[in-house]
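Novice: Sharing a structure here in structure tokens format.
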Amino acid sequence: MNTATIVQKLWNYCNVLRDDGMSYGDYVEQITYLLFLKMADERTKAPYNQASPVPAGFDWPSLIKRDGDELFDHYRHILDALGNEKRLLGLIFNKSQNKFQDPAKLRRLIVDLIDKETWVSMSADVKGDAYEGLLEKNAQDTKSGAGQYFTPRPLIQAIVDVMAPKPDETVSDPACGTGGFLLAVHDYVVKHNPHLTRPQQKKLKEETFKGWELVQATARLCAMNMLLHGIGSQDFEPIVVSDSLAADPGDRFDLVLTNPPFGKKSSTTIVGEEGKVSKERDIIERGDFWTTTSNKQLNFVQHVKTLLKQNGRAAVVVPDNVLFEGGAGETIRRKLLQECDVHTLLRLPTGLFYAQGVKANVLFFDKKPASETPWTRKLWIYDLRTNMHFTLKTNPLRREDLDDFVACYFGLSTEQAVALRDIHSPGLPPSLTRLMRAPSWSDENPDGRWRGYDYDELVNRDKANLDIFWLKDESLSDSDNLPAPEVIAQEIVADLEAALEQFRLIGAELGEEDDRLESAFDRV
């Protein structure tokens with residue numbers, strides 16, 4: 001059975017359960033529990049003959065022999081018992097609940113779908129991609145808000161292609177969501193290194209990856225997603241459920257790739273004695289940070305710098321405000337340009353993310369040892385935003401749309417970049433290939449999307465503003481080049497929602513100032 005057939009079959013059951021009020025997210029969670037139990041049971045049989053991590057009496061055989069209310073009660077007992085276990089079991093089943101309303105439909109899912117397939121013997125590509133298909137469908141459900149954890153896979157693939165990870169390099173994502181970046185690195189290493197030794201395969205499975213995720217339910221999906229792709233085991237679980245910004249974990253990595261959650265300020269809701277609700281901004285105080293701010297995105301940039309080994313490489317998705325915001329933003333940009341090699345910026349078009357109103361970029365930089373002279377020599381910017389129009393459904397971003405960026409990044413022809421994507425090649429060392437870069441923009445070619453800016457140009461800009469663009473927006477002067485009406489409408493909505501978010505932040509900050517002044521007067 002191929003991936004598309006499995007996804008469709010899994011999703012058809014979801015449509016049945018939707019009539020009972022089960023959400024897409026709840027369905028994916030229930031599938032996660034049942035798939036884990038089934039695969040754990042399959043590994044106890046030949047040719048694997050492994051001991052099951054699931055305690056006897058709470059395993060798949062104990063579930064499949066029951067029916068009706070007895071099945072319902074036993075399923076709840078399984079979830080409760082396994083939720084109290086440690087390590088991988090605890091991560092998968094912690095705070096798990098039975099969301100089924102009808103025992104017959106639970107029985108049908110167990111017997112007719114899960115039990116009929118032999119999941120362990122399927123290739124990691126098939127079962128992993130099938131689960132990814134469910135996660136993407138869940139992300140498309142805007143009501144659930146799950147899209148905030150889902151970065152477009154073509155964008156992830158292009159980022160990983162230019163980062164060119166190697167088999168023995170360690171990789172982290174401090175805001176891993178459902179694991180898209182980590183899985184893409186795994187796929188890249190396997191694809192470009194078909195003759196890995198057994199020690200390398202073991203290291204790739206159990207020592208290479210580490211992710212942090214704040215939301216327990218999302219971490220559960222990530223852990224299962226990685227397990228289905230052949231990453232992790234009962235003895236090694238690469239996902240930590242915690243706030244990665246809270247402290248320096250002490251771990252250092254060769255690569256850090258991440259798309260931190262959108263939203264500018266960190267805050268905690270405080271309920272006073274008289275029931276008055278206020279928000280208190282969470283200021284992250286860390287000795288390894290350049291400056292103190294409540295801006296989550298700026299803190300993630302600082303955190304990524306901390307996580308990198310010397311000469312480690314990073315790719316971070318950041319909103320526009322990280323590029324131009326003053327105060328702490330300016331301090332961080334100047335420090336980053338001084339202490340790291342900030343070499344590439346990819347300006348992303350709107351319409352890529354399930355969270356509306358997002359104008360984002362990918363910032364690439366390498367961590368360097370202490371030096372009196374700045375490490376950044378030239379920042380190369382690729383503008384994929386101006387005059388580019390994508391939507392989630394009618395014109396989604398494809399990996400091919402990023403071929404020109406990959407070519408520019410490596411200093412290759414577009415044909416060479418396509419070959420790098422499509423064949424089993426060993427990849428290209430970024431430290432060498434970046435020397436081959438050449439701009440596509442010039443006075444003779446003002447439409448070129450690839451342009452370099454020297455360090456002195458950057459630091460002499462007002463507030464070291466990196467929000468740089470030079471292409472002419474054709475829609476402003478030529479009505480014949482206007483995008484389709486639905487694209488214009490979606491871009492207007494995105495702009496309005498981005499503006500509303502800024503007004504909310506300003507209003508919240510003004511409210512905080514009023515609360516602080518009122519408290520001060522009360523104390524006087």
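Chain labels A, B, ... are given in the sequence in which chains occur in the structure tokens; within each chain residues are numbered consecutively from 1, and ligands are likewise numbered from 1 in the order shown.
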Excluding Ala246 (chain A) and residues on its chain fewer than 3 positions from it, collect all residues at most 9 Å away from it, counting only C-alpha atoms, and give them as a list of chain:residue names.
Specialist: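 So, after excluding close chain neighbours, the residues are A:Ser242, A:Asp243, A:Pro249, A:Ile284, A:Glu285, A:Arg286.
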Novice: Determine the nearest neighbour of Arg385 (chain A) from the options A:Ala46, A:Ile468, A:Cys340, A:Ala407, counting only C-alpha atoms.
Specialist: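 Closest to Arg385 (chain A) of all the choices is A:Ile468.
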Novice: Name the closest residue to Leu245 (chain A) among the candidates A:Thr291, A:Gln297, A:Thr5, A:Asn94; distances are taken between atoms, counting only C-alpha atoms.
Specialist: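 Closest to Leu245 (chain A) of all the choices is A:Gln297.
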Novice: Considering only C-alpha atoms, return as an mmCIF file with all heavy atoms, in the first residue's frame whatever protein or nucleic-acid residues lie within 8 Å of Val304 (chain A), sequence-local ones (same chain, fewer than 4 positions apart) excluded.
Specialist:
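Writing done, so here's part-v5.cif:
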```cif
data_model
loop_
_atom_site.group_PDB
_atom_site.id
_atom_site.type_symbol
_atom_site.label_atom_id
_atom_site.label_comp_id
_atom_site.auth_asym_id
_atom_site.auth_seq_id
_atom_site.Cartn_x
_atom_site.Cartn_y
_atom_site.Cartn_z
ATOM 1 N N PRO A 174 15.275 24.156 18.607
ATOM 2 C CA PRO A 174 14.765 24.530 19.933
ATOM 3 C C PRO A 174 13.284 24.871 19.946
ATOM 4 O O PRO A 174 12.744 25.201 21.014
ATOM 5 C CB PRO A 174 15.617 25.753 20.288
ATOM 6 C CG PRO A 174 15.991 26.348 18.978
ATOM 7 C CD PRO A 174 16.142 25.187 18.025
ATOM 8 N N VAL A 256 21.820 24.239 13.832
ATOM 9 C CA VAL A 256 20.554 24.578 14.472
ATOM 10 C C VAL A 256 19.637 25.131 13.391
ATOM 11 O O VAL A 256 19.980 26.109 12.714
ATOM 12 C CB VAL A 256 20.725 25.616 15.596
ATOM 13 C CG1 VAL A 256 19.359 25.974 16.194
ATOM 14 C CG2 VAL A 256 21.647 25.085 16.688
ATOM 15 N N PHE A 300 15.043 34.060 20.709
ATOM 16 C CA PHE A 300 15.387 32.825 20.005
ATOM 17 C C PHE A 300 16.654 32.997 19.177
ATOM 18 O O PHE A 300 17.474 32.075 19.080
ATOM 19 C CB PHE A 300 14.224 32.355 19.124
ATOM 20 C CG PHE A 300 13.340 31.346 19.798
ATOM 21 C CD1 PHE A 300 12.073 31.698 20.249
ATOM 22 C CD2 PHE A 300 13.774 30.047 20.011
ATOM 23 C CE1 PHE A 300 11.257 30.774 20.889
ATOM 24 C CE2 PHE A 300 12.965 29.110 20.642
ATOM 25 C CZ PHE A 300 11.706 29.475 21.082
ATOM 26 N N LEU A 308 24.976 26.867 19.285
ATOM 27 C CA LEU A 308 25.922 26.471 18.244
ATOM 28 C C LEU A 308 27.314 26.194 18.803
ATOM 29 O O LEU A 308 27.807 26.903 19.674
ATOM 30 C CB LEU A 308 26.038 27.573 17.195
ATOM 31 C CG LEU A 308 24.853 27.764 16.241
ATOM 32 C CD1 LEU A 308 25.062 29.022 15.414
ATOM 33 C CD2 LEU A 308 24.680 26.545 15.338
ATOM 34 N N ALA A 314 23.649 27.971 11.420
ATOM 35 C CA ALA A 314 22.254 28.145 11.831
ATOM 36 C C ALA A 314 21.414 28.687 10.692
ATOM 37 O O ALA A 314 21.890 29.450 9.841
ATOM 38 C CB ALA A 314 22.158 29.089 13.027
#
```
Novice: Could you check which of A:Tyr131, A:Trp441, A:Phe469, A:Phe100 is closest to Leu227 (chain A), using only C-alpha atoms?
Specialist: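 Counting only C-alpha atoms, the residue closest to Leu227 (chain A) is A:Tyr131.
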Novice: Go through A:Leu82, A:Ala56, A:Leu17, A:Met39 one by one, measure the shortest atom-to-atom distance of each to Asp102 (chain A) using only C-alpha atoms, and give the residue with the smallest value.
Specialist: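 Once distances to Asp102 (chain A) are computed over only C-alpha atoms, the minimum belongs to A:Leu17.
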Novice: Rank A:Thr178, A:Gln302, A:Ser121, A:Gln30 by their smallest atom-to-atom distance to Leu106 (chain A), using only C-alpha atoms, and report the top residue only.
Specialist: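 Using only C-alpha atoms, Leu106 (chain A) sits closest to A:Gln30.
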Novice: Mind the document's chain letters and residue numbers, and return as a short mmCIF file (atom, residue, chain, number, x, y, z; two decimals) with C-alpha atoms, in the first residue's frame the residues of region 215-375 of chain A that DSSP labels alpha helix (DSSP H).
Specialist:
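Result file is states05.cif:
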```cif
data_model
loop_
_atom_site.label_atom_id
_atom_site.label_comp_id
_atom_site.auth_asym_id
_atom_site.auth_seq_id
_atom_site.Cartn_x
_atom_site.Cartn_y
_atom_site.Cartn_z
CA GLN A 216 3.00 18.58 25.39
CA ALA A 217 0.47 17.55 22.73
CA THR A 218 2.73 18.79 19.93
CA ALA A 219 5.78 17.08 21.46
CA ARG A 220 3.80 13.83 21.45
CA LEU A 221 3.12 14.16 17.72
CA CYS A 222 6.76 15.04 17.09
CA ALA A 223 8.03 12.01 19.02
CA MET A 224 5.73 9.68 17.09
CA ASN A 225 6.60 11.35 13.79
CA MET A 226 10.31 10.78 14.40
CA LEU A 227 9.77 7.22 15.63
CA LEU A 228 7.87 6.36 12.44
CA LYS A 296 10.51 35.99 21.88
CA GLN A 297 11.90 36.12 18.37
CA LEU A 298 14.92 38.18 19.41
CA ASN A 299 15.48 35.82 22.33
CA PHE A 300 15.39 32.82 20.00
CA VAL A 301 18.08 34.41 17.82
CA GLN A 302 20.26 34.82 20.92
CA HIS A 303 19.43 31.30 22.10
CA VAL A 304 20.39 29.79 18.72
CA LYS A 305 23.75 31.55 18.93
CA THR A 306 24.29 29.93 22.34
CA LEU A 307 23.37 26.43 21.06
CA ASN A 321 10.48 43.05 13.04
CA VAL A 322 13.66 41.16 13.99
CA LEU A 323 15.35 42.86 11.03
CA PHE A 324 14.38 46.46 11.83
CA ALA A 328 17.25 45.37 21.91
CA GLY A 329 16.78 44.49 18.24
CA GLU A 330 19.53 46.87 17.14
CA THR A 331 21.87 45.62 19.88
CA ILE A 332 21.36 42.00 18.82
CA ARG A 333 21.84 42.71 15.11
CA ARG A 334 25.08 44.60 15.70
CA LYS A 335 26.41 41.86 18.00
CA LEU A 336 25.37 39.16 15.55
CA LEU A 337 27.12 40.90 12.66
CA GLN A 338 30.23 41.35 14.80
CA GLU A 339 30.53 37.93 16.45
#
```
Novice: What is the distance, in Å and to one decimal place, between CA of Asn361 (chain A) and CA of Leu345 (chain A)?
Specialist: 6.8 Å
Novice: Contacts between region 237-240 of chain A and region 53-120 of chain A, please, where a residue of region 53-120 of chain A counts if it comes within 12 Å (with only C-alpha atoms); show its shortest atom pair and distance in Å to one decimal, rows by chain and ascending number, as JSON lines.
Specialist:
```
{"residue": "A:Lys86", "atom": "CA", "partner": "A:Glu237", "partner_atom": "CA", "distance": 10.8}
{"residue": "A:Arg87", "atom": "CA", "partner": "A:Glu237", "partner_atom": "CA", "distance": 7.0}
{"residue": "A:Leu88", "atom": "CA", "partner": "A:Glu237", "partner_atom": "CA", "distance": 6.0}
{"residue": "A:Leu89", "atom": "CA", "partner": "A:Glu237", "partner_atom": "CA", "distance": 9.8}
{"residue": "A:Gly90", "atom": "CA", "partner": "A:Glu237", "partner_atom": "CA", "distance": 10.5}
{"residue": "A:Leu91", "atom": "CA", "partner": "A:Ile239", "partner_atom": "CA", "distance": 8.5}
{"residue": "A:Ile92", "atom": "CA", "partner": "A:Glu237", "partner_atom": "CA", "distance": 10.4}
```
Novice: When distances are computed from only C-alpha atoms, which of A:Ala51, A:Leu392, A:Leu71, A:Ile110 shows the smallest separation from Leu35 (chain A)?
Specialist: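 For Leu35 (chain A), the nearest of the candidates is A:Ile110.
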Novice: Hey, what's within 12 Å of Val16 (chain A) if we count only C-alpha atoms and toss same-chain stuff fewer than 3 positions away? As a list in words, please?
Specialist: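 Surrounding residues, per the criterion: Lys9, Leu10, Trp11, Asn12, Tyr13, Asp19, Asp20, Gly21, Met22, Ser23, Tyr24, Tyr27, Phe100, Gln101, Asp102, Ala104, Lys105, Leu106, Arg108 and Leu109 of chain A.
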Novice: Extract, using only C-alpha atoms, all DNA, RNA and protein residues at most 12 Å from Asp401 (chain A), discarding same-chain residues fewer than 5 positions from it, and format them as a list in words.
Specialist: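 Near Asp401 (chain A), the qualifying residues are Pro154, Leu155, Gln157, Ala158, Leu348, Pro349, Leu384, Arg385, Met388, His389, Phe390, Asn395, Pro396, Val406, Ala407, Thr414, Ala417 and Val418 of chain A.
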Novice: Fewer than 3 positions away in the same chain doesn't count, so skip those; otherwise give me all residues within 12 Å of Ala438 (chain A), counting only C-alpha atoms, as a PyMOL selection string.
Specialist: chain A and resi 378+380-382+407-413+433-435+441-442+448-453
